[in-house]
>>> print(open('target32.txt').read())   # compact mmCIF, N, CA and C atoms
# COMPACT_ATOMS: atom_id res chain seq x y z
N MET A 1 -120.75 -176.94 1.15
CA MET A 1 -121.75 -175.91 1.25
C MET A 1 -121.06 -174.64 1.72
N SER A 2 -121.38 -173.53 1.08
CA SER A 2 -120.76 -172.27 1.48
C SER A 2 -121.37 -171.76 2.77
N THR A 3 -120.68 -170.81 3.40
CA THR A 3 -121.17 -170.23 4.66
C THR A 3 -122.50 -169.54 4.45
N ALA A 4 -122.66 -168.83 3.35
CA ALA A 4 -123.91 -168.13 3.07
C ALA A 4 -125.06 -169.12 2.93
N ASN A 5 -124.80 -170.25 2.25
CA ASN A 5 -125.85 -171.26 2.12
C ASN A 5 -126.18 -171.88 3.47
N ALA A 6 -125.19 -172.11 4.32
CA ALA A 6 -125.43 -172.69 5.63
C ALA A 6 -126.27 -171.76 6.49
N ILE A 7 -125.97 -170.45 6.44
CA ILE A 7 -126.74 -169.48 7.22
C ILE A 7 -128.16 -169.42 6.70
N SER A 8 -128.32 -169.39 5.38
CA SER A 8 -129.64 -169.35 4.78
C SER A 8 -130.44 -170.60 5.12
N ASN A 9 -129.77 -171.76 5.07
CA ASN A 9 -130.42 -173.03 5.38
C ASN A 9 -130.87 -173.07 6.83
N THR A 10 -130.02 -172.57 7.75
CA THR A 10 -130.36 -172.54 9.17
C THR A 10 -131.55 -171.63 9.41
N ALA A 11 -131.56 -170.47 8.76
CA ALA A 11 -132.66 -169.52 8.94
C ALA A 11 -133.97 -170.11 8.43
N THR A 12 -133.92 -170.88 7.35
CA THR A 12 -135.12 -171.48 6.80
C THR A 12 -135.70 -172.53 7.74
N ASN A 13 -134.83 -173.30 8.42
CA ASN A 13 -135.29 -174.36 9.30
C ASN A 13 -135.63 -173.86 10.70
N ALA A 14 -135.27 -172.62 11.03
CA ALA A 14 -135.52 -172.09 12.37
C ALA A 14 -137.00 -171.82 12.54
N PRO A 15 -137.52 -172.04 13.75
CA PRO A 15 -138.93 -171.73 13.98
C PRO A 15 -139.18 -170.24 13.82
N SER A 16 -140.36 -169.90 13.36
CA SER A 16 -140.68 -168.51 13.11
C SER A 16 -140.85 -167.73 14.41
N ASN A 17 -141.14 -168.39 15.50
CA ASN A 17 -141.38 -167.72 16.76
C ASN A 17 -140.57 -168.43 17.85
N LYS A 18 -139.51 -167.76 18.30
CA LYS A 18 -138.63 -168.39 19.28
C LYS A 18 -139.35 -168.69 20.60
N GLY A 19 -140.21 -167.77 21.03
CA GLY A 19 -140.97 -167.99 22.26
C GLY A 19 -141.88 -169.21 22.17
N MET A 20 -142.52 -169.37 21.02
CA MET A 20 -143.38 -170.54 20.82
C MET A 20 -142.56 -171.81 20.83
N HIS A 21 -141.40 -171.76 20.19
CA HIS A 21 -140.52 -172.92 20.15
C HIS A 21 -140.10 -173.32 21.57
N ILE A 22 -139.71 -172.35 22.38
CA ILE A 22 -139.30 -172.63 23.76
C ILE A 22 -140.48 -173.15 24.57
N GLY A 23 -141.63 -172.51 24.42
CA GLY A 23 -142.83 -172.96 25.13
C GLY A 23 -143.22 -174.38 24.78
N LEU A 24 -143.09 -174.73 23.52
CA LEU A 24 -143.40 -176.09 23.09
C LEU A 24 -142.42 -177.09 23.69
N TRP A 25 -141.13 -176.73 23.71
CA TRP A 25 -140.14 -177.64 24.30
C TRP A 25 -140.40 -177.85 25.79
N VAL A 26 -140.75 -176.78 26.50
CA VAL A 26 -141.05 -176.91 27.93
C VAL A 26 -142.27 -177.80 28.12
N THR A 27 -143.30 -177.56 27.33
CA THR A 27 -144.51 -178.38 27.42
C THR A 27 -144.23 -179.83 27.07
N GLN A 28 -143.42 -180.05 26.02
CA GLN A 28 -143.06 -181.42 25.64
C GLN A 28 -142.32 -182.11 26.79
N ALA A 29 -141.39 -181.41 27.41
CA ALA A 29 -140.60 -182.02 28.49
C ALA A 29 -141.49 -182.35 29.69
N LEU A 30 -142.37 -181.43 30.07
CA LEU A 30 -143.26 -181.68 31.21
C LEU A 30 -144.22 -182.83 30.94
N LEU A 31 -144.81 -182.82 29.75
CA LEU A 31 -145.77 -183.87 29.42
C LEU A 31 -145.07 -185.22 29.27
N ALA A 32 -143.89 -185.22 28.66
CA ALA A 32 -143.14 -186.47 28.51
C ALA A 32 -142.73 -187.03 29.88
N ALA A 33 -142.28 -186.17 30.78
CA ALA A 33 -141.90 -186.63 32.12
C ALA A 33 -143.11 -187.22 32.84
N SER A 34 -144.25 -186.55 32.72
CA SER A 34 -145.46 -187.05 33.37
C SER A 34 -145.87 -188.41 32.84
N PHE A 35 -145.95 -188.52 31.51
CA PHE A 35 -146.38 -189.79 30.93
C PHE A 35 -145.35 -190.89 31.09
N ALA A 36 -144.07 -190.54 31.12
CA ALA A 36 -143.04 -191.55 31.38
C ALA A 36 -143.21 -192.12 32.79
N MET A 37 -143.48 -191.24 33.74
CA MET A 37 -143.68 -191.69 35.12
C MET A 37 -144.95 -192.54 35.24
N PHE A 38 -146.05 -192.04 34.66
CA PHE A 38 -147.32 -192.79 34.72
C PHE A 38 -147.18 -194.14 34.03
N GLY A 39 -146.58 -194.14 32.85
CA GLY A 39 -146.44 -195.38 32.08
C GLY A 39 -145.54 -196.38 32.77
N ALA A 40 -144.42 -195.92 33.30
CA ALA A 40 -143.50 -196.83 34.00
C ALA A 40 -144.17 -197.44 35.23
N THR A 41 -144.94 -196.64 35.93
CA THR A 41 -145.65 -197.16 37.11
C THR A 41 -146.65 -198.24 36.71
N LYS A 42 -147.42 -197.98 35.67
CA LYS A 42 -148.42 -198.95 35.22
C LYS A 42 -147.77 -200.22 34.67
N LEU A 43 -146.57 -200.10 34.16
CA LEU A 43 -145.88 -201.28 33.63
C LEU A 43 -145.20 -202.11 34.70
N THR A 44 -144.74 -201.49 35.78
CA THR A 44 -143.89 -202.20 36.74
C THR A 44 -144.54 -202.49 38.09
N ALA A 45 -145.49 -201.69 38.51
CA ALA A 45 -146.08 -201.89 39.84
C ALA A 45 -147.01 -203.11 39.83
N PRO A 46 -147.09 -203.81 40.95
CA PRO A 46 -148.05 -204.92 41.04
C PRO A 46 -149.49 -204.41 40.84
N VAL A 47 -150.31 -205.21 40.19
CA VAL A 47 -151.69 -204.80 39.90
C VAL A 47 -152.44 -204.47 41.19
N GLU A 48 -152.16 -205.19 42.26
CA GLU A 48 -152.84 -204.92 43.53
C GLU A 48 -152.50 -203.51 44.03
N ALA A 49 -151.25 -203.11 43.88
CA ALA A 49 -150.85 -201.76 44.30
C ALA A 49 -151.50 -200.71 43.41
N LEU A 50 -151.62 -201.00 42.12
CA LEU A 50 -152.27 -200.06 41.21
C LEU A 50 -153.75 -199.92 41.54
N GLN A 51 -154.39 -201.04 41.92
CA GLN A 51 -155.81 -200.99 42.28
C GLN A 51 -156.03 -200.11 43.51
N ALA A 52 -155.09 -200.13 44.44
CA ALA A 52 -155.21 -199.29 45.63
C ALA A 52 -155.09 -197.81 45.28
N GLN A 53 -154.27 -197.48 44.27
CA GLN A 53 -154.06 -196.10 43.87
C GLN A 53 -155.09 -195.60 42.86
N MET A 54 -155.52 -196.49 41.97
CA MET A 54 -156.40 -196.10 40.87
C MET A 54 -157.59 -197.06 40.82
N PRO A 55 -158.75 -196.61 41.25
CA PRO A 55 -159.92 -197.50 41.30
C PRO A 55 -160.31 -198.11 39.95
N TRP A 56 -160.00 -197.43 38.85
CA TRP A 56 -160.40 -197.93 37.54
C TRP A 56 -159.66 -199.19 37.13
N VAL A 57 -158.60 -199.55 37.83
CA VAL A 57 -157.81 -200.73 37.47
C VAL A 57 -158.56 -202.02 37.80
N SER A 58 -159.60 -201.95 38.57
CA SER A 58 -160.35 -203.15 38.91
C SER A 58 -161.20 -203.62 37.72
N GLY A 59 -161.59 -204.85 37.75
CA GLY A 59 -162.47 -205.40 36.73
C GLY A 59 -161.78 -205.57 35.39
N ALA A 60 -162.52 -205.27 34.33
CA ALA A 60 -162.03 -205.48 32.97
C ALA A 60 -160.83 -204.60 32.64
N MET A 61 -160.74 -203.44 33.27
CA MET A 61 -159.63 -202.52 32.99
C MET A 61 -158.32 -203.02 33.60
N GLY A 62 -158.39 -203.94 34.54
CA GLY A 62 -157.17 -204.45 35.17
C GLY A 62 -156.22 -205.08 34.17
N GLY A 63 -156.76 -205.78 33.20
CA GLY A 63 -155.92 -206.42 32.19
C GLY A 63 -155.33 -205.43 31.20
N ALA A 64 -155.96 -204.28 31.06
CA ALA A 64 -155.50 -203.28 30.08
C ALA A 64 -154.47 -202.33 30.66
N VAL A 65 -154.26 -202.37 31.97
CA VAL A 65 -153.38 -201.38 32.60
C VAL A 65 -151.95 -201.47 32.08
N ARG A 66 -151.45 -202.65 31.81
CA ARG A 66 -150.09 -202.80 31.29
C ARG A 66 -149.99 -202.23 29.87
N PHE A 67 -151.00 -202.50 29.06
CA PHE A 67 -151.03 -201.94 27.70
C PHE A 67 -151.08 -200.41 27.75
N ILE A 68 -151.92 -199.86 28.61
CA ILE A 68 -152.02 -198.41 28.74
C ILE A 68 -150.68 -197.82 29.18
N GLY A 69 -150.00 -198.50 30.10
CA GLY A 69 -148.68 -198.04 30.53
C GLY A 69 -147.68 -198.03 29.39
N ALA A 70 -147.70 -199.06 28.56
CA ALA A 70 -146.79 -199.13 27.41
C ALA A 70 -147.08 -198.01 26.41
N VAL A 71 -148.36 -197.74 26.18
CA VAL A 71 -148.76 -196.67 25.27
C VAL A 71 -148.30 -195.32 25.81
N GLU A 72 -148.48 -195.10 27.12
CA GLU A 72 -148.06 -193.83 27.72
C GLU A 72 -146.54 -193.66 27.65
N LEU A 73 -145.81 -194.72 27.91
CA LEU A 73 -144.34 -194.64 27.83
C LEU A 73 -143.88 -194.39 26.39
N ALA A 74 -144.48 -195.06 25.44
CA ALA A 74 -144.14 -194.84 24.04
C ALA A 74 -144.48 -193.41 23.61
N GLY A 75 -145.61 -192.91 24.08
CA GLY A 75 -145.99 -191.53 23.77
C GLY A 75 -145.00 -190.53 24.35
N ALA A 76 -144.54 -190.80 25.57
CA ALA A 76 -143.55 -189.91 26.20
C ALA A 76 -142.27 -189.86 25.38
N LEU A 77 -141.81 -191.02 24.93
CA LEU A 77 -140.61 -191.06 24.09
C LEU A 77 -140.85 -190.35 22.76
N GLY A 78 -142.04 -190.52 22.21
CA GLY A 78 -142.38 -189.89 20.94
C GLY A 78 -142.48 -188.38 21.02
N LEU A 79 -142.74 -187.85 22.19
CA LEU A 79 -142.78 -186.40 22.35
C LEU A 79 -141.39 -185.78 22.27
N ILE A 80 -140.37 -186.51 22.67
CA ILE A 80 -139.02 -185.95 22.78
C ILE A 80 -138.07 -186.43 21.69
N LEU A 81 -137.93 -187.73 21.53
CA LEU A 81 -136.87 -188.27 20.68
C LEU A 81 -136.91 -187.81 19.22
N PRO A 82 -138.04 -187.85 18.54
CA PRO A 82 -138.01 -187.43 17.13
C PRO A 82 -137.60 -185.96 16.96
N SER A 83 -138.07 -185.10 17.84
CA SER A 83 -137.73 -183.69 17.75
C SER A 83 -136.29 -183.43 18.17
N ALA A 84 -135.85 -184.08 19.24
CA ALA A 84 -134.50 -183.85 19.75
C ALA A 84 -133.44 -184.36 18.77
N THR A 85 -133.70 -185.48 18.13
CA THR A 85 -132.72 -186.04 17.20
C THR A 85 -132.90 -185.49 15.79
N ARG A 86 -134.05 -184.86 15.54
CA ARG A 86 -134.41 -184.36 14.22
C ARG A 86 -134.48 -185.49 13.19
N ILE A 87 -134.73 -186.70 13.69
CA ILE A 87 -134.96 -187.85 12.82
C ILE A 87 -136.47 -188.11 12.85
N ALA A 88 -137.12 -187.90 11.76
CA ALA A 88 -138.58 -188.04 11.65
C ALA A 88 -139.32 -187.20 12.70
N PRO A 89 -139.05 -185.88 12.76
CA PRO A 89 -139.70 -185.04 13.78
C PRO A 89 -141.21 -184.92 13.60
N LYS A 90 -141.73 -185.35 12.46
CA LYS A 90 -143.18 -185.33 12.27
C LYS A 90 -143.89 -186.35 13.16
N LEU A 91 -143.11 -187.23 13.78
CA LEU A 91 -143.71 -188.20 14.70
C LEU A 91 -144.11 -187.54 16.02
N THR A 92 -143.50 -186.41 16.37
CA THR A 92 -143.83 -185.75 17.64
C THR A 92 -145.29 -185.31 17.69
N PRO A 93 -145.82 -184.61 16.67
CA PRO A 93 -147.24 -184.27 16.74
C PRO A 93 -148.15 -185.51 16.73
N LEU A 94 -147.70 -186.58 16.08
CA LEU A 94 -148.50 -187.81 16.09
C LEU A 94 -148.52 -188.43 17.49
N ALA A 95 -147.37 -188.41 18.17
CA ALA A 95 -147.33 -188.90 19.55
C ALA A 95 -148.22 -188.05 20.44
N ALA A 96 -148.20 -186.74 20.23
CA ALA A 96 -149.04 -185.86 21.02
C ALA A 96 -150.53 -186.15 20.78
N MET A 97 -150.90 -186.37 19.53
CA MET A 97 -152.30 -186.72 19.23
C MET A 97 -152.68 -188.06 19.85
N GLY A 98 -151.75 -188.99 19.85
CA GLY A 98 -152.00 -190.28 20.50
C GLY A 98 -152.25 -190.11 21.99
N LEU A 99 -151.45 -189.28 22.64
CA LEU A 99 -151.64 -189.06 24.08
C LEU A 99 -152.93 -188.28 24.36
N ALA A 100 -153.30 -187.37 23.46
CA ALA A 100 -154.58 -186.67 23.62
C ALA A 100 -155.73 -187.68 23.52
N THR A 101 -155.58 -188.65 22.63
CA THR A 101 -156.60 -189.69 22.49
C THR A 101 -156.67 -190.55 23.75
N VAL A 102 -155.51 -190.87 24.32
CA VAL A 102 -155.48 -191.62 25.57
C VAL A 102 -156.23 -190.86 26.66
N MET A 103 -156.04 -189.55 26.72
CA MET A 103 -156.72 -188.74 27.74
C MET A 103 -158.22 -188.65 27.48
N LEU A 104 -158.62 -188.61 26.22
CA LEU A 104 -160.05 -188.63 25.89
C LEU A 104 -160.67 -189.95 26.34
N LEU A 105 -160.01 -191.05 26.04
CA LEU A 105 -160.52 -192.36 26.44
C LEU A 105 -160.52 -192.51 27.96
N ALA A 106 -159.50 -191.96 28.62
CA ALA A 106 -159.46 -191.99 30.08
C ALA A 106 -160.64 -191.20 30.65
N SER A 107 -160.95 -190.07 30.06
CA SER A 107 -162.09 -189.26 30.53
C SER A 107 -163.39 -190.02 30.38
N ILE A 108 -163.57 -190.69 29.25
CA ILE A 108 -164.78 -191.48 29.03
C ILE A 108 -164.88 -192.59 30.08
N THR A 109 -163.76 -193.24 30.35
CA THR A 109 -163.75 -194.30 31.36
C THR A 109 -164.13 -193.74 32.73
N HIS A 110 -163.55 -192.61 33.10
CA HIS A 110 -163.83 -192.03 34.42
C HIS A 110 -165.28 -191.56 34.52
N ILE A 111 -165.81 -191.00 33.45
CA ILE A 111 -167.22 -190.57 33.46
C ILE A 111 -168.12 -191.78 33.64
N SER A 112 -167.84 -192.86 32.92
CA SER A 112 -168.68 -194.06 33.01
C SER A 112 -168.64 -194.68 34.40
N ARG A 113 -167.55 -194.46 35.13
CA ARG A 113 -167.41 -195.01 36.48
C ARG A 113 -167.81 -194.00 37.55
N GLY A 114 -168.21 -192.79 37.16
CA GLY A 114 -168.61 -191.77 38.12
C GLY A 114 -167.42 -191.14 38.85
N GLU A 115 -166.24 -191.22 38.27
CA GLU A 115 -165.02 -190.67 38.88
C GLU A 115 -164.74 -189.29 38.28
N PHE A 116 -165.54 -188.31 38.69
CA PHE A 116 -165.48 -186.99 38.08
C PHE A 116 -164.31 -186.14 38.58
N GLY A 117 -163.72 -186.51 39.69
CA GLY A 117 -162.65 -185.73 40.28
C GLY A 117 -161.38 -185.66 39.45
N VAL A 118 -161.16 -186.63 38.58
CA VAL A 118 -159.93 -186.65 37.79
C VAL A 118 -160.09 -186.06 36.39
N LEU A 119 -161.30 -185.64 36.05
CA LEU A 119 -161.54 -185.14 34.70
C LEU A 119 -160.74 -183.88 34.40
N ALA A 120 -160.57 -183.01 35.37
CA ALA A 120 -159.80 -181.78 35.14
C ALA A 120 -158.35 -182.14 34.82
N PHE A 121 -157.80 -183.11 35.54
CA PHE A 121 -156.43 -183.55 35.29
C PHE A 121 -156.30 -184.11 33.88
N ASN A 122 -157.27 -184.95 33.46
CA ASN A 122 -157.26 -185.49 32.10
C ASN A 122 -157.35 -184.37 31.08
N ALA A 123 -158.17 -183.36 31.35
CA ALA A 123 -158.34 -182.25 30.43
C ALA A 123 -157.05 -181.44 30.29
N VAL A 124 -156.35 -181.21 31.39
CA VAL A 124 -155.09 -180.45 31.34
C VAL A 124 -154.05 -181.22 30.52
N LEU A 125 -153.89 -182.50 30.80
CA LEU A 125 -152.91 -183.30 30.05
C LEU A 125 -153.29 -183.40 28.58
N GLY A 126 -154.56 -183.61 28.30
CA GLY A 126 -155.02 -183.66 26.92
C GLY A 126 -154.84 -182.33 26.21
N GLY A 127 -155.10 -181.24 26.91
CA GLY A 127 -154.90 -179.91 26.33
C GLY A 127 -153.43 -179.64 26.02
N MET A 128 -152.55 -180.05 26.92
CA MET A 128 -151.11 -179.90 26.66
C MET A 128 -150.71 -180.69 25.42
N ALA A 129 -151.22 -181.89 25.30
CA ALA A 129 -150.89 -182.73 24.14
C ALA A 129 -151.41 -182.09 22.85
N LEU A 130 -152.62 -181.55 22.89
CA LEU A 130 -153.16 -180.89 21.70
C LEU A 130 -152.37 -179.64 21.34
N PHE A 131 -151.91 -178.90 22.35
CA PHE A 131 -151.07 -177.73 22.12
C PHE A 131 -149.78 -178.13 21.40
N ILE A 132 -149.16 -179.21 21.84
CA ILE A 132 -147.94 -179.70 21.19
C ILE A 132 -148.22 -180.12 19.75
N ALA A 133 -149.30 -180.86 19.54
CA ALA A 133 -149.64 -181.31 18.18
C ALA A 133 -149.86 -180.11 17.26
N TRP A 134 -150.61 -179.13 17.72
CA TRP A 134 -150.86 -177.93 16.93
C TRP A 134 -149.58 -177.14 16.70
N GLY A 135 -148.84 -176.91 17.77
CA GLY A 135 -147.63 -176.09 17.68
C GLY A 135 -146.56 -176.70 16.80
N ARG A 136 -146.35 -178.00 16.93
CA ARG A 136 -145.30 -178.65 16.14
C ARG A 136 -145.74 -178.91 14.70
N THR A 137 -147.03 -178.74 14.42
CA THR A 137 -147.53 -178.87 13.06
C THR A 137 -147.61 -177.52 12.36
N LYS A 138 -148.14 -176.51 13.07
CA LYS A 138 -148.45 -175.23 12.44
C LYS A 138 -147.51 -174.09 12.81
N LYS A 139 -147.18 -173.93 14.08
CA LYS A 139 -146.48 -172.72 14.53
C LYS A 139 -144.96 -172.85 14.57
N ALA A 140 -144.45 -173.95 15.04
CA ALA A 140 -143.00 -174.11 15.19
C ALA A 140 -142.57 -175.54 14.89
N PRO A 141 -142.80 -175.96 13.63
CA PRO A 141 -142.38 -177.33 13.29
C PRO A 141 -140.86 -177.44 13.32
N ILE A 142 -140.40 -178.63 13.56
CA ILE A 142 -138.97 -178.92 13.57
C ILE A 142 -138.64 -179.65 12.28
N GLY A 143 -137.65 -179.14 11.57
CA GLY A 143 -137.25 -179.75 10.30
C GLY A 143 -136.37 -180.96 10.51
N GLU A 144 -136.33 -181.79 9.49
CA GLU A 144 -135.45 -182.97 9.55
C GLU A 144 -134.01 -182.56 9.33
N ARG A 145 -133.13 -183.45 9.70
CA ARG A 145 -131.69 -183.21 9.48
C ARG A 145 -131.39 -182.99 8.03
>>> encode(input="target32.txt", output="structure tokens")
Amino acid sequence: MSTANAISNTATNAPSNKGMHIGLWVTQALLAASFAMFGATKLTAPVEALQAQMPWVSGAMGGAVRFIGAVELAGALGLILPSATRIAPKLTPLAAMGLATVMLLASITHISRGEFGVLAFNAVLGGMALFIAWGRTKKAPIGER
């Protein structure tokens, strides 16, 4: 490939808005770190310790906490790895949509249990995930290798 073709190819794959690209990466890193921490905790901590920290873990939700942790950890990896490696980067917006869905379901669970204090937190995390899904789909998609 000639130098002119390489420069042209790079310019075509570059995001149209550098600020948006940087903002999305920062948001992806923050959200991935949060969900990695939440997911790892739900996967590794004893259920009794989780019940003391999170009232929703009691009852029927107690059995689902490990699954939720695995989903959150997978979502965290999906926010970073496909984009960072440029291998199937279209998976990043899908991971973000999955995490937004997790936050919607978490909100429904908290509302049904009368736990209104955490709804703002769910909304912020869900909003960040939707921002990533929108941004990586419409404003600053990452091209494949």
>>> atom_distance(input="target32.txt", atom1="atom C of Ala133 (chain A)", atom2="atom N of Arg66 (chain A)")
26.9 Å
>>> residues_around(input="target32.txt", residues="Leu79 (chain A)", least_positions_apart="4", cutoff="6 Å", atoms="only C-alpha atoms", output="mmCIF file with N, CA and C atoms, keeping the file's coordinate frame")
data_model
loop_
_atom_site.group_PDB
_atom_site.id
_atom_site.type_symbol
_atom_site.label_atom_id
_atom_site.label_comp_id
_atom_site.auth_asym_id
_atom_site.auth_seq_id
_atom_site.Cartn_x
_atom_site.Cartn_y
_atom_site.Cartn_z
ATOM 1 N N GLN A 28 -143.420 -180.050 26.020
ATOM 2 C CA GLN A 28 -143.060 -181.420 25.640
ATOM 3 C C GLN A 28 -142.320 -182.110 26.790
ATOM 4 N N THR A 92 -143.500 -186.410 16.370
ATOM 5 C CA THR A 92 -143.830 -185.750 17.640
ATOM 6 C C THR A 92 -145.290 -185.310 17.690
ATOM 7 N N ALA A 95 -147.370 -188.410 18.170
ATOM 8 C CA ALA A 95 -147.330 -188.900 19.550
ATOM 9 C C ALA A 95 -148.220 -188.050 20.440
#
>>> residues_around(input="target32.txt", residues="Met128 (chain A)", least_positions_apart="3", cutoff="8 Å", atoms="only N, CA and C atoms", output="ChimeraX atom specification")
/A:27-28,31,96,99-100,122-125,131-134
>>> write_last_selection(input="target32.txt", atoms="N, CA and C atoms", output="mmCIF file, keeping the file's coordinate frame")
data_model
loop_
_atom_site.group_PDB
_atom_site.id
_atom_site.type_symbol
_atom_site.label_atom_id
_atom_site.label_comp_id
_atom_site.auth_asym_id
_atom_site.auth_seq_id
_atom_site.Cartn_x
_atom_site.Cartn_y
_atom_site.Cartn_z
ATOM 1 N N THR A 27 -143.300 -177.560 27.330
ATOM 2 C CA THR A 27 -144.510 -178.380 27.420
ATOM 3 C C THR A 27 -144.230 -179.830 27.070
ATOM 4 N N GLN A 28 -143.420 -180.050 26.020
ATOM 5 C CA GLN A 28 -143.060 -181.420 25.640
ATOM 6 C C GLN A 28 -142.320 -182.110 26.790
ATOM 7 N N LEU A 31 -144.810 -182.820 29.750
ATOM 8 C CA LEU A 31 -145.770 -183.870 29.420
ATOM 9 C C LEU A 31 -145.070 -185.220 29.270
ATOM 10 N N ALA A 96 -148.200 -186.740 20.230
ATOM 11 C CA ALA A 96 -149.040 -185.860 21.020
ATOM 12 C C ALA A 96 -150.530 -186.150 20.780
ATOM 13 N N LEU A 99 -151.450 -189.280 22.640
ATOM 14 C CA LEU A 99 -151.640 -189.060 24.080
ATOM 15 C C LEU A 99 -152.930 -188.280 24.360
ATOM 16 N N ALA A 100 -153.300 -187.370 23.460
ATOM 17 C CA ALA A 100 -154.580 -186.670 23.620
ATOM 18 C C ALA A 100 -155.730 -187.680 23.520
ATOM 19 N N ASN A 122 -157.270 -184.950 33.460
ATOM 20 C CA ASN A 122 -157.260 -185.490 32.100
ATOM 21 C C ASN A 122 -157.350 -184.370 31.080
ATOM 22 N N ALA A 123 -158.170 -183.360 31.350
ATOM 23 C CA ALA A 123 -158.340 -182.250 30.430
ATOM 24 C C ALA A 123 -157.050 -181.440 30.290
ATOM 25 N N VAL A 124 -156.350 -181.210 31.390
ATOM 26 C CA VAL A 124 -155.090 -180.450 31.340
ATOM 27 C C VAL A 124 -154.050 -181.220 30.520
ATOM 28 N N LEU A 125 -153.890 -182.500 30.800
ATOM 29 C CA LEU A 125 -152.910 -183.300 30.050
ATOM 30 C C LEU A 125 -153.290 -183.400 28.580
ATOM 31 N N PHE A 131 -151.910 -178.900 22.350
ATOM 32 C CA PHE A 131 -151.070 -177.730 22.120
ATOM 33 C C PHE A 131 -149.780 -178.130 21.400
ATOM 34 N N ILE A 132 -149.160 -179.210 21.840
ATOM 35 C CA ILE A 132 -147.940 -179.700 21.190
ATOM 36 C C ILE A 132 -148.220 -180.120 19.750
ATOM 37 N N ALA A 133 -149.300 -180.860 19.540
ATOM 38 C CA ALA A 133 -149.640 -181.310 18.180
ATOM 39 C C ALA A 133 -149.860 -180.110 17.260
ATOM 40 N N TRP A 134 -150.610 -179.130 17.720
ATOM 41 C CA TRP A 134 -150.860 -177.930 16.930
ATOM 42 C C TRP A 134 -149.580 -177.140 16.700
#
>>> select_by_dssp(input="target32.txt", residues="chain A", states="helix (DSSP H, G or I)", output="PyMOL selection string")
chain A and resi 3-13+18-44+47-53+55-57+59-85+91-112+116-139
>>> residues_around(input="target32.txt", residues="Pro82 (chain A)", least_positions_apart="3", cutoff="12 Å", atoms="only C-alpha atoms", output="VMD selection string")
chain A and resid 28 74 to 79 85 to 96 136 141 to 145
>>> atom_distance(input="target32.txt", atom1="atom C of Gly59 (chain A)", atom2="atom N of Thr109 (chain A)")
13.5 Å
>>> residues_around(input="target32.txt", residues="region 49-52 of chain A", least_positions_apart="6", cutoff="9 Å", atoms="only C-alpha atoms", output="ChimeraX atom specification")
/A:41-42,58,62,65
>>> residues_around(input="target32.txt", residues="Leu43 (chain A)", least_positions_apart="2", cutoff="8 Å", atoms="all atoms listed in the file", output="tab-separated table (two decimals) with N, CA and C atoms, keeping the file's coordinate frame")
chain	number	residue	atom	x	y	z
A	37	MET	N	-143.48	-191.24	33.74
A	37	MET	CA	-143.68	-191.69	35.12
A	37	MET	C	-144.95	-192.54	35.24
A	38	PHE	N	-146.05	-192.04	34.66
A	38	PHE	CA	-147.32	-192.79	34.72
A	38	PHE	C	-147.18	-194.14	34.03
A	39	GLY	N	-146.58	-194.14	32.85
A	39	GLY	CA	-146.44	-195.38	32.08
A	39	GLY	C	-145.54	-196.38	32.77
A	40	ALA	N	-144.42	-195.92	33.30
A	40	ALA	CA	-143.50	-196.83	34.00
A	40	ALA	C	-144.17	-197.44	35.23
A	41	THR	N	-144.94	-196.64	35.93
A	41	THR	CA	-145.65	-197.16	37.11
A	41	THR	C	-146.65	-198.24	36.71
A	45	ALA	N	-145.49	-201.69	38.51
A	45	ALA	CA	-146.08	-201.89	39.84
A	45	ALA	C	-147.01	-203.11	39.83
A	46	PRO	N	-147.09	-203.81	40.95
A	46	PRO	CA	-148.05	-204.92	41.04
A	46	PRO	C	-149.49	-204.41	40.84
A	65	VAL	N	-154.26	-202.37	31.97
A	65	VAL	CA	-153.38	-201.38	32.60
A	65	VAL	C	-151.95	-201.47	32.08
A	66	ARG	N	-151.45	-202.65	31.81
A	66	ARG	CA	-150.09	-202.80	31.29
A	66	ARG	C	-149.99	-202.23	29.87
A	67	PHE	N	-151.00	-202.50	29.06
A	67	PHE	CA	-151.03	-201.94	27.70
A	67	PHE	C	-151.08	-200.41	27.75
A	68	ILE	N	-151.92	-199.86	28.61
A	68	ILE	CA	-152.02	-198.41	28.74
A	68	ILE	C	-150.68	-197.82	29.18
A	69	GLY	N	-150.00	-198.50	30.10
A	69	GLY	CA	-148.68	-198.04	30.53
A	69	GLY	C	-147.68	-198.03	29.39
A	70	ALA	N	-147.70	-199.06	28.56
A	70	ALA	CA	-146.79	-199.13	27.41
A	70	ALA	C	-147.08	-198.01	26.41
>>> closest_residue(input="target32.txt", among="A:Glu72, A:Val57, A:Asn17, A:Thr137", to="Val102 (chain A)", atoms="only N, CA and C atoms")
A:Glu72
>>> atom_distance(input="target32.txt", atom1="atom C of Lys138 (chain A)", atom2="atom C of Ser107 (chain A)")
28.5 Å
>>> closest_residue(input="target32.txt", among="A:Phe121, A:Ala129, A:Met103, A:Lys139", to="His21 (chain A)", atoms="only N, CA and C atoms")
A:Lys139
